[in-house]
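Enquirer: This one is entry_33.tsv, TSV, C-alpha atoms.
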chain	number	residue	atom	x	y	z
A	1	MET	CA	111.57	174.76	229.59
A	2	LYS	CA	114.32	172.39	228.43
A	3	HIS	CA	114.67	173.60	224.83
A	4	PRO	CA	113.24	177.14	224.51
A	5	LEU	CA	114.80	177.71	221.09
A	6	ARG	CA	113.28	174.55	219.66
A	7	ALA	CA	109.92	175.40	221.18
A	8	ALA	CA	110.06	178.89	219.64
A	9	ALA	CA	111.00	177.42	216.24
A	10	LEU	CA	108.14	174.95	216.39
A	11	GLY	CA	105.74	177.69	217.42
A	12	LEU	CA	106.77	179.93	214.56
A	13	ALA	CA	106.59	177.08	212.07
A	14	LEU	CA	103.08	176.24	213.21
A	15	ALA	CA	102.12	179.91	213.04
A	16	LEU	CA	103.25	180.07	209.40
A	17	THR	CA	101.40	176.92	208.38
A	18	PRO	CA	97.94	178.56	208.03
A	19	ALA	CA	99.51	181.34	205.95
A	20	CYS	CA	100.97	178.71	203.63
A	21	ALA	CA	97.68	176.87	203.43
A	22	SER	CA	95.69	180.02	202.69
A	23	LEU	CA	97.57	180.69	199.47
A	24	GLN	CA	95.94	179.55	196.23
A	25	LEU	CA	97.89	176.91	194.31
A	26	GLY	CA	98.54	177.46	190.62
A	27	GLU	CA	96.66	180.71	190.39
A	28	THR	CA	98.31	181.69	187.11
A	29	GLN	CA	95.92	180.66	184.37
A	30	ILE	CA	96.61	180.75	180.69
A	31	ASP	CA	93.61	182.25	178.98
A	32	ASN	CA	92.56	180.83	175.66
A	33	PRO	CA	91.65	183.83	173.50
A	34	ILE	CA	90.40	181.63	170.63
A	35	SER	CA	87.55	180.21	172.71
A	36	ALA	CA	86.25	183.76	173.25
A	37	ALA	CA	85.73	184.29	169.50
A	38	ARG	CA	82.35	183.78	167.90
A	39	THR	CA	83.16	184.18	164.23
A	40	LEU	CA	85.82	182.74	161.94
A	41	ASP	CA	87.63	186.06	161.48
A	42	GLN	CA	87.69	186.63	165.24
A	43	ARG	CA	89.12	183.12	165.77
A	44	ALA	CA	91.83	183.78	163.19
A	45	TYR	CA	92.64	187.16	164.77
A	46	ALA	CA	92.84	185.62	168.26
A	47	LEU	CA	95.04	182.78	167.02
A	48	LEU	CA	97.48	185.12	165.22
A	49	ASN	CA	97.84	187.41	168.24
A	50	ALA	CA	98.14	184.50	170.67
A	51	TYR	CA	100.84	182.98	168.47
A	52	ALA	CA	102.73	186.29	168.42
A	53	ALA	CA	102.60	186.40	172.24
A	54	VAL	CA	103.93	182.83	172.43
A	55	ILE	CA	106.86	183.57	170.10
A	56	GLU	CA	107.70	186.67	172.15
A	57	GLU	CA	107.98	184.47	175.24
A	58	ALA	CA	109.92	181.84	173.29
A	59	THR	CA	112.39	184.58	172.31
A	60	ASP	CA	112.98	185.38	175.98
A	61	ILE	CA	113.76	181.70	176.63
A	62	VAL	CA	116.17	181.56	173.69
A	63	ARG	CA	117.95	184.66	175.03
A	64	ASP	CA	118.26	183.05	178.47
A	65	PRO	CA	121.86	181.76	178.74
A	66	SER	CA	120.82	179.15	181.32
A	67	ALA	CA	118.31	177.48	178.96
A	68	PRO	CA	119.73	174.31	177.35
A	69	LEU	CA	120.69	174.62	173.68
A	70	ALA	CA	118.78	171.44	172.81
A	71	PHE	CA	115.62	173.03	174.18
A	72	LYS	CA	116.25	176.21	172.19
A	73	ARG	CA	116.64	174.09	169.07
A	74	ALA	CA	113.36	172.33	169.81
A	75	LEU	CA	111.70	175.74	170.07
A	76	GLY	CA	113.30	176.71	166.75
A	77	GLN	CA	111.98	173.57	165.09
A	78	ALA	CA	108.46	174.24	166.41
A	79	GLU	CA	108.61	177.87	165.27
A	80	ARG	CA	109.72	176.89	161.76
A	81	VAL	CA	106.55	174.78	161.44
A	82	ALA	CA	104.16	177.20	163.16
A	83	THR	CA	105.09	180.45	161.42
A	84	PRO	CA	104.30	179.21	157.87
A	85	ALA	CA	100.98	177.92	159.24
A	86	ALA	CA	100.29	181.40	160.64
A	87	GLU	CA	101.17	182.93	157.25
A	88	SER	CA	98.73	180.56	155.50
A	89	LEU	CA	96.13	181.53	158.07
A	90	GLN	CA	96.66	185.20	157.37
A	91	ILE	CA	96.22	184.62	153.61
A	92	ALA	CA	93.02	182.65	154.25
A	93	VAL	CA	91.51	185.20	156.62
A	94	THR	CA	92.36	188.10	154.28
A	95	ALA	CA	90.61	186.26	151.43
A	96	TYR	CA	87.63	185.60	153.70
A	97	VAL	CA	87.35	189.27	154.74
A	98	ARG	CA	87.50	190.29	151.08
A	99	ALA	CA	84.86	187.71	150.06
A	100	ARG	CA	82.59	188.87	152.87
A	101	ALA	CA	82.93	192.50	151.76
A	102	ASP	CA	82.14	191.42	148.16
A	103	PHE	CA	79.07	189.55	149.38
A	104	GLU	CA	77.84	192.56	151.35
A	105	ALA	CA	78.44	194.80	148.33
A	106	ALA	CA	76.49	192.38	146.12
A	107	SER	CA	73.39	192.46	148.32
A	108	GLY	CA	71.72	194.98	146.02
A	109	ALA	CA	73.02	193.37	142.84
A	110	SER	CA	71.38	190.85	140.52
A	111	GLN	CA	70.57	187.30	141.67
A	112	PRO	CA	73.44	185.63	139.72
A	113	ALA	CA	75.96	188.16	141.10
A	114	LEU	CA	74.67	187.57	144.62
A	115	GLU	CA	74.89	183.79	144.16
A	116	ARG	CA	78.45	184.07	142.87
A	117	ALA	CA	79.44	186.21	145.85
A	118	ALA	CA	77.73	183.77	148.24
A	119	THR	CA	79.57	180.81	146.70
A	120	ALA	CA	82.90	182.65	146.91
A	121	LEU	CA	82.20	183.50	150.56
A	122	THR	CA	81.34	179.87	151.37
A	123	ILE	CA	84.55	178.64	149.77
A	124	ALA	CA	86.61	181.31	151.57
A	125	ALA	CA	84.97	180.35	154.89
A	126	GLN	CA	85.78	176.66	154.33
A	127	ARG	CA	89.39	177.48	153.50
A	128	LEU	CA	89.70	179.72	156.54
A	129	SER	CA	88.21	177.04	158.77
A	130	ARG	CA	90.78	174.53	157.49
A	131	ALA	CA	93.61	177.06	157.90
A	132	ILE	CA	92.60	177.71	161.52
A	133	GLU	CA	92.57	173.98	162.26
A	134	ALA	CA	95.91	173.51	160.48
A	135	ALA	CA	97.53	176.33	162.47
A	136	ARG	CA	96.22	175.32	165.88
A	137	ALA	CA	98.37	172.18	166.30
A	138	PRO	CA	101.79	173.74	165.54
A	139	VAL	CA	100.94	176.87	167.54
A	140	SER	CA	99.86	174.69	170.49
A	141	GLU	CA	103.08	172.70	170.21
A	142	LEU	CA	105.20	175.82	170.55
A	143	GLU	CA	102.99	177.10	173.37
A	144	ASP	CA	103.32	173.76	175.21
A	145	LEU	CA	107.10	173.95	174.93
A	146	VAL	CA	107.13	177.52	176.29
A	147	ARG	CA	104.84	176.54	179.14
A	148	ALA	CA	106.90	173.45	179.91
A	149	ARG	CA	109.97	175.62	180.31
A	150	ARG	CA	108.21	178.41	182.14
A	151	GLY	CA	105.95	176.27	184.30
B	152	MET	CA	102.70	180.19	189.56
B	153	LEU	CA	104.09	183.04	191.64
B	154	ASN	CA	101.84	182.08	194.51
B	155	LEU	CA	102.97	178.48	194.27
B	156	ILE	CA	106.59	179.61	194.53
B	157	MET	CA	105.75	181.98	197.37
B	158	GLN	CA	103.99	179.11	199.12
B	159	LEU	CA	107.07	176.93	198.74
B	160	GLN	CA	109.28	179.76	199.98
B	161	MET	CA	107.11	180.15	203.06
B	162	LEU	CA	107.21	176.42	203.61
B	163	LEU	CA	110.99	176.56	203.31
B	164	ALA	CA	111.11	179.40	205.82
B	165	ALA	CA	108.99	177.31	208.17
B	166	LEU	CA	111.27	174.30	207.66
B	167	SER	CA	114.38	176.37	208.28
B	168	MET	CA	112.99	177.16	211.72
B	169	PHE	CA	113.33	173.50	212.54
B	170	LEU	CA	117.08	173.69	211.97
B	171	PRO	CA	117.84	173.97	215.70
B	172	LEU	CA	116.08	170.61	216.12
B	173	VAL	CA	118.50	168.95	213.71
B	174	PRO	CA	121.46	167.22	215.39
B	175	ALA	CA	124.47	169.54	215.45
B	176	GLU	CA	126.58	167.32	213.16
B	177	SER	CA	123.97	167.51	210.36
B	178	ARG	CA	122.83	171.06	210.89
B	179	ILE	CA	125.32	172.71	208.52
B	180	ARG	CA	124.46	170.23	205.77
B	181	ALA	CA	120.73	170.82	206.28
B	182	ALA	CA	121.25	174.59	206.16
B	183	GLU	CA	123.17	174.22	202.89
B	184	ILE	CA	120.36	172.16	201.37
B	185	ILE	CA	117.78	174.75	202.41
B	186	ASP	CA	119.98	177.50	200.96
B	187	VAL	CA	120.22	175.71	197.59
B	188	VAL	CA	116.46	175.16	197.50
B	189	ALA	CA	115.87	178.83	198.38
B	190	LYS	CA	118.12	179.95	195.53
B	191	THR	CA	116.35	177.60	193.12
B	192	LEU	CA	113.00	178.98	194.18
B	193	ALA	CA	114.24	182.55	193.68
B	194	ALA	CA	115.25	181.63	190.11
B	195	GLY	CA	111.86	179.97	189.63
B	196	ASN	CA	110.24	183.17	190.80
B	197	ALA	CA	111.88	185.08	187.92
B	198	ILE	CA	110.74	182.42	185.45
B	199	GLY	CA	107.27	182.52	186.93
B	200	ALA	CA	107.12	186.25	186.30
B	201	ASN	CA	107.69	185.52	182.60
B	202	LEU	CA	104.93	182.94	182.60
B	203	ASP	CA	102.73	185.60	184.12
B	204	ASP	CA	103.77	187.88	181.22
B	205	LEU	CA	102.41	185.31	178.76
B	206	ALA	CA	99.26	184.89	180.82
B	207	ALA	CA	98.78	188.68	180.88
B	208	LYS	CA	99.27	188.97	177.11
B	209	LEU	CA	96.84	186.14	176.40
B	210	ALA	CA	94.32	187.62	178.83
B	211	ALA	CA	94.56	191.00	177.04
B	212	ILE	CA	93.98	189.33	173.66
B	213	ARG	CA	91.06	187.39	175.09
B	214	ALA	CA	89.52	190.58	176.49
B	215	GLU	CA	89.84	192.28	173.10
B	216	VAL	CA	88.27	189.31	171.28
B	217	GLU	CA	85.50	189.08	173.88
B	218	ALA	CA	84.70	192.77	173.32
B	219	MET	CA	84.60	192.17	169.56
B	220	ALA	CA	82.37	189.14	169.98
B	221	SER	CA	79.93	190.82	172.34
B	222	ALA	CA	79.67	193.86	170.04
B	223	GLY	CA	79.22	191.56	167.01
B	224	ARG	CA	82.05	193.43	165.34
B	225	ALA	CA	83.98	191.99	162.42
B	226	VAL	CA	87.76	192.12	162.36
B	227	SER	CA	89.07	194.75	159.96
B	228	GLY	CA	91.79	194.22	157.39
B	229	GLU	CA	94.03	196.65	159.28
B	230	GLU	CA	93.65	194.70	162.52
B	231	LEU	CA	94.56	191.47	160.73
B	232	GLU	CA	97.57	193.12	159.12
B	233	ALA	CA	98.69	194.45	162.52
B	234	ALA	CA	98.37	190.96	164.03
B	235	MET	CA	100.44	189.46	161.21
B	236	THR	CA	103.04	192.21	161.50
B	237	ARG	CA	103.34	191.33	165.19
B	238	VAL	CA	103.86	187.66	164.24
B	239	ARG	CA	106.52	188.53	161.63
B	240	THR	CA	108.36	190.88	164.01
B	241	ALA	CA	108.31	188.31	166.82
B	242	SER	CA	109.40	185.55	164.43
B	243	ALA	CA	112.33	187.62	163.12
B	244	ALA	CA	113.45	188.46	166.69
B	245	PHE	CA	113.13	184.80	167.67
B	246	ARG	CA	115.22	183.58	164.73
B	247	ALA	CA	117.88	186.22	165.38
B	248	ALA	CA	118.04	185.21	169.07
B	249	LEU	CA	118.32	181.53	168.09
B	250	GLU	CA	121.15	182.32	165.68
B	251	THR	CA	122.97	184.20	168.44
B	252	ALA	CA	122.48	181.27	170.82
B	253	GLU	CA	123.79	178.82	168.20
B	254	ALA	CA	126.79	181.05	167.50
B	255	GLY	CA	127.51	181.32	171.23
B	256	ALA	CA	127.47	177.54	171.58
B	257	ARG	CA	130.14	177.06	168.87
Written as structure tokens, how would this file's structure read?
Expert:
Amino acid sequence: MKHPLRAAALGLALALTPACASLQLGETQIDNPISAARTLDQRAYALLNAYAAVIEEATDIVRDPSAPLAFKRALGQAERVATPAAESLQIAVTAYVRARADFEAASGASQPALERAATALTIAAQRLSRAIEAARAPVSELEDLVRARRG
Amino acid sequence: MLNLIMQLQMLLAALSMFLPLVPAESRIRAAEIIDVVAKTLAAGNAIGANLDDLAAKLAAIRAEVEAMASAGRAVSGEELEAAMTRVRTASAAFRAALETAEAGAR
């Protein structure tokens, strides 16, 4: 054999190729907890917790000395928009939970009291729905930034 | 992500085996390039682990919400308060870290 070393290298490289090919590409998947929820309060709960997880990761990026300052500032800007949206969401979901409890408590009450509680619950549900929609975009923006850096 | 990096590392290892095939005058340069790529991939591996952290956290939240949904259970006020406390704590830590980063850049 003229070049035994080269032949051995080629053989080893070819032997490793199937091992490379057998690995799954991009196996890490980001679960969307909000899509698992069935009710408004569950969606709000999932969104708040998911947002907290995203900020925790964003904090790690900001603490990373190798991350560019401009990127850290972009994260800061996104967080300043998303956190007030999360606070509004928390207010809306708390009001909704209270209105739902009032409605359940009014089930044995008079018809006008029941109607009032039902109206209050409907309004609270509409407000919560709007708060969820309002919070989703800024939370997604921060999450996209974190994923762009991490991915 | 980690598997993607591992796949690239294995590919790199396979490529490095071709080094003896490279003409002698370019071999050192090729080895240097492979070394730089290997170091970059190692750094990417650490970053990928953090991405996996986020994926694990989101998967845990999803599992909790799925359990709530399948049981038809409403979220309690305490659970909502705990979620918001987590947001506030994370937000405060984030802002403090950003301030430190800004101060370090000055």
Enquirer: Tell me, in Å to one decimal, how far atom CA of Ile61 of chain A is from atom CA of Ala241 of chain B.
Expert: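 Here the two named atoms are 13.0 Å from each other.
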Enquirer: What does the distance between atom CA of Leu159 of chain B and atom CA of Val188 of chain B come to in Å, to one decimal place?
Expert: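 Separating atom CA of Leu159 of chain B from atom CA of Val188 of chain B is a distance of 9.6 Å.
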Enquirer: Please indicate the distance in Å from atom CA of Asp203 of chain B to atom CA of Ala243 of chain B, rounded to one decimal place.
Expert: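 Answer for the atom CA of Asp203 of chain B to atom CA of Ala243 of chain B separation: 23.2 Å.
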Enquirer: Which is closest to Ala137 of chain A among A:Arg116, A:Ala82, A:Ala70, A:Gln77, if we use only C-alpha atoms?
Expert: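 For Ala137 of chain A, the nearest of the given residues is A:Ala82.
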Enquirer: Edge lengths and centre in Å to one decimal, as lines of an AutoDock Vina configuration file, of the axis-aligned box that encloses all listed atoms of segment 72-83 of chain A with 4 Å added on every side?
Expert:
center_x = 110.4
center_y = 176.4
center_z = 166.8
size_x = 20.5
size_y = 16.1
size_z = 18.8
Enquirer: Rank nothing, just name the residue among B:Arg178, B:Gln160, B:Leu170, B:Asp204 nearest to Val146 of chain A, using only C-alpha atoms.
Expert: B:Asp204
Enquirer: Counting only C-alpha atoms, what is within 12 Å of Ala210 of chain B, bar same-chain residues fewer than 5 positions away, as a list in words?
Expert: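 Those residues are Thr28, Gln29, Ile30, Asp31, Asn32, Pro33, Ile34, Ser35, Ala36, Ala46, Asn49, Ala50 and Ala53 of chain A; Asp203, Asp204, Leu205, Glu215, Val216 and Glu217 of chain B.
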Enquirer: Would you mind exporting C-alpha atoms of the selected residues as a CSV table (one decimal), keeping the file's coordinate frame?
Expert:
chain,number,residue,atom,x,y,z
A,28,THR,CA,98.3,181.7,187.1
A,29,GLN,CA,95.9,180.7,184.4
A,30,ILE,CA,96.6,180.8,180.7
A,31,ASP,CA,93.6,182.2,179.0
A,32,ASN,CA,92.6,180.8,175.7
A,33,PRO,CA,91.6,183.8,173.5
A,34,ILE,CA,90.4,181.6,170.6
A,35,SER,CA,87.6,180.2,172.7
A,36,ALA,CA,86.2,183.8,173.2
A,46,ALA,CA,92.8,185.6,168.3
A,49,ASN,CA,97.8,187.4,168.2
A,50,ALA,CA,98.1,184.5,170.7
A,53,ALA,CA,102.6,186.4,172.2
B,203,ASP,CA,102.7,185.6,184.1
B,204,ASP,CA,103.8,187.9,181.2
B,205,LEU,CA,102.4,185.3,178.8
B,215,GLU,CA,89.8,192.3,173.1
B,216,VAL,CA,88.3,189.3,171.3
B,217,GLU,CA,85.5,189.1,173.9
Enquirer: Got a sec: who's within 8 Å of Leu69 of chain A, counting only C-alpha atoms, leaving out chain neighbours fewer than 6 positions off, as a count of residues only?
Expert: 3
Enquirer: Emit segment 235-249 of chain B of the structure in the block as a file comprising N, CA and C atoms, as a tab-separated table (two decimals), in the first residue's frame.
Expert:
chain	number	residue	atom	x	y	z
B	235	MET	N	-46.56	35.30	39.30
B	235	MET	CA	-46.20	36.72	39.16
B	235	MET	C	-44.98	37.05	40.01
B	236	THR	N	-44.87	36.41	41.16
B	236	THR	CA	-43.68	36.62	42.00
B	236	THR	C	-42.43	36.16	41.25
B	237	ARG	N	-42.57	35.04	40.55
B	237	ARG	CA	-41.44	34.52	39.75
B	237	ARG	C	-41.06	35.54	38.66
B	238	VAL	N	-42.07	36.14	38.02
B	238	VAL	CA	-41.81	37.15	36.99
B	238	VAL	C	-41.09	38.35	37.60
B	239	ARG	N	-41.59	38.83	38.75
B	239	ARG	CA	-41.00	40.03	39.37
B	239	ARG	C	-39.55	39.75	39.81
B	240	THR	N	-39.33	38.58	40.39
B	240	THR	CA	-37.98	38.22	40.84
B	240	THR	C	-37.02	38.15	39.65
B	241	ALA	N	-37.49	37.47	38.58
B	241	ALA	CA	-36.65	37.34	37.38
B	241	ALA	C	-36.38	38.70	36.76
B	242	SER	N	-37.41	39.55	36.74
B	242	SER	CA	-37.27	40.88	36.14
B	242	SER	C	-36.27	41.72	36.93
B	243	ALA	N	-36.35	41.65	38.26
B	243	ALA	CA	-35.42	42.42	39.11
B	243	ALA	C	-33.99	41.94	38.90
B	244	ALA	N	-33.80	40.61	38.82
B	244	ALA	CA	-32.46	40.05	38.60
B	244	ALA	C	-31.94	40.47	37.23
B	245	PHE	N	-32.83	40.45	36.24
B	245	PHE	CA	-32.44	40.84	34.87
B	245	PHE	C	-31.98	42.29	34.84
B	246	ARG	N	-32.77	43.18	35.46
B	246	ARG	CA	-32.43	44.61	35.43
B	246	ARG	C	-31.13	44.89	36.17
B	247	ALA	N	-30.93	44.17	37.28
B	247	ALA	CA	-29.68	44.34	38.03
B	247	ALA	C	-28.49	43.88	37.19
B	248	ALA	N	-28.66	42.76	36.49
B	248	ALA	CA	-27.57	42.23	35.64
B	248	ALA	C	-27.28	43.19	34.50
B	249	LEU	N	-28.34	43.80	33.95
B	249	LEU	CA	-28.15	44.75	32.84
B	249	LEU	C	-27.42	46.00	33.33
